[in-house]
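> For reference, this is model.cif, and it has mmCIF, C-alpha atoms.
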data_model
loop_
_atom_site.label_atom_id
_atom_site.label_comp_id
_atom_site.auth_asym_id
_atom_site.auth_seq_id
_atom_site.Cartn_x
_atom_site.Cartn_y
_atom_site.Cartn_z
CA MET A 1484 130.39 114.24 115.51
CA PRO A 1485 126.93 113.88 113.97
CA VAL A 1486 126.12 110.41 112.65
CA VAL A 1487 123.18 110.10 110.26
CA LYS A 1488 121.82 106.61 109.64
CA ILE A 1489 119.66 106.04 106.58
CA ASP A 1490 117.74 102.82 105.99
CA LEU A 1491 116.50 102.25 102.46
CA TRP A 1492 115.68 99.46 100.07
CA LYS A 1493 118.46 97.99 97.99
CA GLY A 1494 118.61 99.03 94.38
CA ARG A 1495 119.98 102.58 94.31
CA SER A 1496 122.99 103.24 92.12
CA SER A 1497 126.36 104.29 93.50
CA GLN A 1498 125.77 107.75 92.02
CA GLN A 1499 122.39 108.08 93.78
CA LYS A 1500 123.97 107.13 97.12
CA LYS A 1501 126.85 109.55 96.53
CA THR A 1502 124.36 112.35 95.84
CA LEU A 1503 122.37 111.44 98.96
CA ILE A 1504 125.53 111.53 101.11
CA GLU A 1505 126.55 114.91 99.69
CA LYS A 1506 123.14 116.51 100.18
CA VAL A 1507 122.53 115.12 103.67
CA THR A 1508 126.01 116.23 104.75
CA LYS A 1509 125.36 119.73 103.44
CA ALA A 1510 121.99 119.91 105.23
CA VAL A 1511 123.48 118.78 108.55
CA CYS A 1512 126.30 121.31 108.30
CA GLU A 1513 123.87 124.13 107.54
CA ALA A 1514 121.51 123.12 110.36
CA ILE A 1515 124.07 122.79 113.15
CA SER A 1516 127.05 124.80 111.87
CA CYS A 1517 129.61 122.03 111.84
CA PRO A 1518 132.41 121.18 109.40
CA GLN A 1519 131.76 118.56 106.72
CA GLU A 1520 134.59 116.45 108.12
CA ALA A 1521 132.57 115.95 111.31
CA VAL A 1522 129.54 114.44 109.57
CA HIS A 1523 129.29 110.68 109.13
CA ILE A 1524 126.59 109.09 106.97
CA VAL A 1525 125.72 105.38 107.23
CA ILE A 1526 123.51 103.87 104.55
CA ASN A 1527 121.92 100.55 105.45
CA GLU A 1528 120.44 98.82 102.42
CA VAL A 1529 117.66 96.38 103.20
CA GLU A 1530 116.06 93.79 100.94
CA LYS A 1531 112.34 94.49 100.42
CA GLU A 1532 111.52 91.03 101.77
CA ASN A 1533 113.08 92.10 105.09
CA TRP A 1534 111.02 95.32 105.36
CA GLY A 1535 107.47 95.05 106.66
CA ILE A 1536 104.61 97.43 105.93
CA ALA A 1537 101.11 96.92 107.32
CA GLY A 1538 101.82 93.30 108.18
CA LYS A 1539 103.27 92.36 104.79
CA PRO A 1540 106.75 92.23 103.32
CA ALA A 1541 107.42 95.26 101.11
CA SER A 1542 108.38 92.82 98.34
CA GLU A 1543 104.71 91.77 98.13
CA ILE A 1544 103.43 95.36 98.12
CA PHE A 1545 106.01 96.88 95.77
CA LYS A 1546 106.70 94.38 93.04
CA GLU A 1547 109.26 95.80 90.63
#
Please go through the file and, once you have read it, give me the structure as structure tokens.

Amino acid sequence: MPVVKIDLWKGRSSQQKKTLIEKVTKAVCEAISCPQEAVHIVINEVEKENWGIAGKPASEIFKE
């Protein structure tokens, strides 16, 4: 059973995450010839203040 873990910043819509899950599942199935039912996707949403880039919190670098 393939398990794909995706870390990304919070803020994506439910539809965007659904689309991501569908497309990643399809890519895994095509790459390793497995059924969709075998693929598990875990999305871990992280606050920008908890994500560091070049010694700074991403919330300071990417102010939105």
> Using all atoms listed in the file, find the one residue out of A:Lys1546, A:Glu1528, A:Val1487, A:Ile1536 that sits nearest to Val1511 in chain A.
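Result for the nearest residue to Val1511 in chain A: A:Val1487.
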> When you count all atoms listed in the file, which of these residues is closest to Asn1527 in chain A: A:Ser1496, A:Lys1506, A:Pro1485, A:Asp1490?
A:Asp1490
> Let me make sure I understand: among A:Leu1491, A:Met1484, A:Ile1544, A:Ile1504, which one has the smallest atom-to-atom distance to Ile1524 in chain A if we use only C-alpha atoms?
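Smallest distance to Ile1524 in chain A is found for A:Ile1504.
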> Rank nothing, just name the residue among A:Asn1533, A:Val1507, A:Arg1495, A:Ser1542 nearest to Gln1519 in chain A, using all atoms listed in the file.
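Checking each candidate against Gln1519 in chain A, we get A:Val1507 as the closest.
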> Report, in Å with one decimal, the straight-line distance from CA of Ala1541 in chain A to CA of Thr1502 in chain A.
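Spanning CA of Ala1541 in chain A to CA of Thr1502 in chain A is a straight-line distance of 24.6 Å.
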> Between A:Leu1503, A:Ala1514, A:Glu1530, A:Gly1538, which one has atoms that come closest to Ile1489 in chain A, using all atoms listed in the file?
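Using all atoms listed in the file, Ile1489 in chain A sits closest to A:Leu1503.
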> Would you mind telling me which residue in A:Phe1545, A:Ala1521, A:Glu1505, A:Gln1498 lies nearest to Val1486 in chain A when using only C-alpha atoms?
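Using only C-alpha atoms, the shortest distance to Val1486 in chain A belongs to A:Ala1521.
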> For range 1490-1513 of chain A, supply N, CA and C atoms and report the output as a PDB file, keeping the file's coordinate frame.

ATOM      1  N   ASP A1490     118.168 104.143 106.415  1.00  0.00           N
ATOM      2  CA  ASP A1490     117.740 102.820 105.990  1.00  0.00           C
ATOM      3  C   ASP A1490     116.930 102.988 104.716  1.00  0.00           C
ATOM      4  N   LEU A1491     117.278 102.212 103.687  1.00  0.00           N
ATOM      5  CA  LEU A1491     116.500 102.250 102.460  1.00  0.00           C
ATOM      6  C   LEU A1491     116.589 100.909 101.753  1.00  0.00           C
ATOM      7  N   TRP A1492     115.685 100.719 100.813  1.00  0.00           N
ATOM      8  CA  TRP A1492     115.680  99.460 100.070  1.00  0.00           C
ATOM      9  C   TRP A1492     116.878  99.392  99.150  1.00  0.00           C
ATOM     10  N   LYS A1493     117.375  98.194  98.942  1.00  0.00           N
ATOM     11  CA  LYS A1493     118.460  97.990  97.990  1.00  0.00           C
ATOM     12  C   LYS A1493     117.991  98.379  96.597  1.00  0.00           C
ATOM     13  N   GLY A1494     118.953  98.758  95.771  1.00  0.00           N
ATOM     14  CA  GLY A1494     118.610  99.030  94.380  1.00  0.00           C
ATOM     15  C   GLY A1494     119.034 100.390  93.879  1.00  0.00           C
ATOM     16  N   ARG A1495     119.518 101.259  94.768  1.00  0.00           N
ATOM     17  CA  ARG A1495     119.980 102.580  94.310  1.00  0.00           C
ATOM     18  C   ARG A1495     121.374 102.436  93.715  1.00  0.00           C
ATOM     19  N   SER A1496     121.667 103.263  92.744  1.00  0.00           N
ATOM     20  CA  SER A1496     122.990 103.240  92.120  1.00  0.00           C
ATOM     21  C   SER A1496     124.016 103.900  93.035  1.00  0.00           C
ATOM     22  N   SER A1497     125.273 103.652  92.734  1.00  0.00           N
ATOM     23  CA  SER A1497     126.360 104.290  93.500  1.00  0.00           C
ATOM     24  C   SER A1497     126.259 105.805  93.385  1.00  0.00           C
ATOM     25  N   GLN A1498     125.895 106.302  92.212  1.00  0.00           N
ATOM     26  CA  GLN A1498     125.770 107.750  92.020  1.00  0.00           C
ATOM     27  C   GLN A1498     124.629 108.317  92.871  1.00  0.00           C
ATOM     28  N   GLN A1499     123.512 107.610  92.952  1.00  0.00           N
ATOM     29  CA  GLN A1499     122.390 108.080  93.780  1.00  0.00           C
ATOM     30  C   GLN A1499     122.807 108.140  95.254  1.00  0.00           C
ATOM     31  N   LYS A1500     123.530 107.138  95.711  1.00  0.00           N
ATOM     32  CA  LYS A1500     123.970 107.130  97.120  1.00  0.00           C
ATOM     33  C   LYS A1500     124.995 108.231  97.366  1.00  0.00           C
ATOM     34  N   LYS A1501     125.874 108.472  96.405  1.00  0.00           N
ATOM     35  CA  LYS A1501     126.850 109.550  96.530  1.00  0.00           C
ATOM     36  C   LYS A1501     126.137 110.899  96.658  1.00  0.00           C
ATOM     37  N   THR A1502     125.139 111.104  95.805  1.00  0.00           N
ATOM     38  CA  THR A1502     124.360 112.350  95.840  1.00  0.00           C
ATOM     39  C   THR A1502     123.637 112.495  97.171  1.00  0.00           C
ATOM     40  N   LEU A1503     123.058 111.414  97.661  1.00  0.00           N
ATOM     41  CA  LEU A1503     122.370 111.440  98.960  1.00  0.00           C
ATOM     42  C   LEU A1503     123.341 111.824 100.064  1.00  0.00           C
ATOM     43  N   ILE A1504     124.513 111.216 100.083  1.00  0.00           N
ATOM     44  CA  ILE A1504     125.530 111.530 101.110  1.00  0.00           C
ATOM     45  C   ILE A1504     125.920 112.998 101.037  1.00  0.00           C
ATOM     46  N   GLU A1505     126.159 113.508  99.842  1.00  0.00           N
ATOM     47  CA  GLU A1505     126.550 114.910  99.690  1.00  0.00           C
ATOM     48  C   GLU A1505     125.476 115.860 100.195  1.00  0.00           C
ATOM     49  N   LYS A1506     124.220 115.599  99.818  1.00  0.00           N
ATOM     50  CA  LYS A1506     123.140 116.510 100.180  1.00  0.00           C
ATOM     51  C   LYS A1506     122.784 116.444 101.667  1.00  0.00           C
ATOM     52  N   VAL A1507     122.815 115.253 102.237  1.00  0.00           N
ATOM     53  CA  VAL A1507     122.530 115.120 103.670  1.00  0.00           C
ATOM     54  C   VAL A1507     123.652 115.790 104.480  1.00  0.00           C
ATOM     55  N   THR A1508     124.883 115.588 104.061  1.00  0.00           N
ATOM     56  CA  THR A1508     126.010 116.230 104.750  1.00  0.00           C
ATOM     57  C   THR A1508     125.858 117.739 104.724  1.00  0.00           C
ATOM     58  N   LYS A1509     125.540 118.283 103.567  1.00  0.00           N
ATOM     59  CA  LYS A1509     125.360 119.730 103.440  1.00  0.00           C
ATOM     60  C   LYS A1509     124.243 120.223 104.357  1.00  0.00           C
ATOM     61  N   ALA A1510     123.124 119.509 104.392  1.00  0.00           N
ATOM     62  CA  ALA A1510     121.990 119.910 105.230  1.00  0.00           C
ATOM     63  C   ALA A1510     122.349 119.896 106.713  1.00  0.00           C
ATOM     64  N   VAL A1511     123.072 118.861 107.144  1.00  0.00           N
ATOM     65  CA  VAL A1511     123.480 118.780 108.550  1.00  0.00           C
ATOM     66  C   VAL A1511     124.402 119.942 108.901  1.00  0.00           C
ATOM     67  N   CYS A1512     125.362 120.215 108.042  1.00  0.00           N
ATOM     68  CA  CYS A1512     126.300 121.310 108.300  1.00  0.00           C
ATOM     69  C   CYS A1512     125.589 122.651 108.397  1.00  0.00           C
ATOM     70  N   GLU A1513     124.634 122.878 107.509  1.00  0.00           N
ATOM     71  CA  GLU A1513     123.870 124.130 107.540  1.00  0.00           C
ATOM     72  C   GLU A1513     123.008 124.229 108.793  1.00  0.00           C
TER      73      GLU A1513
END
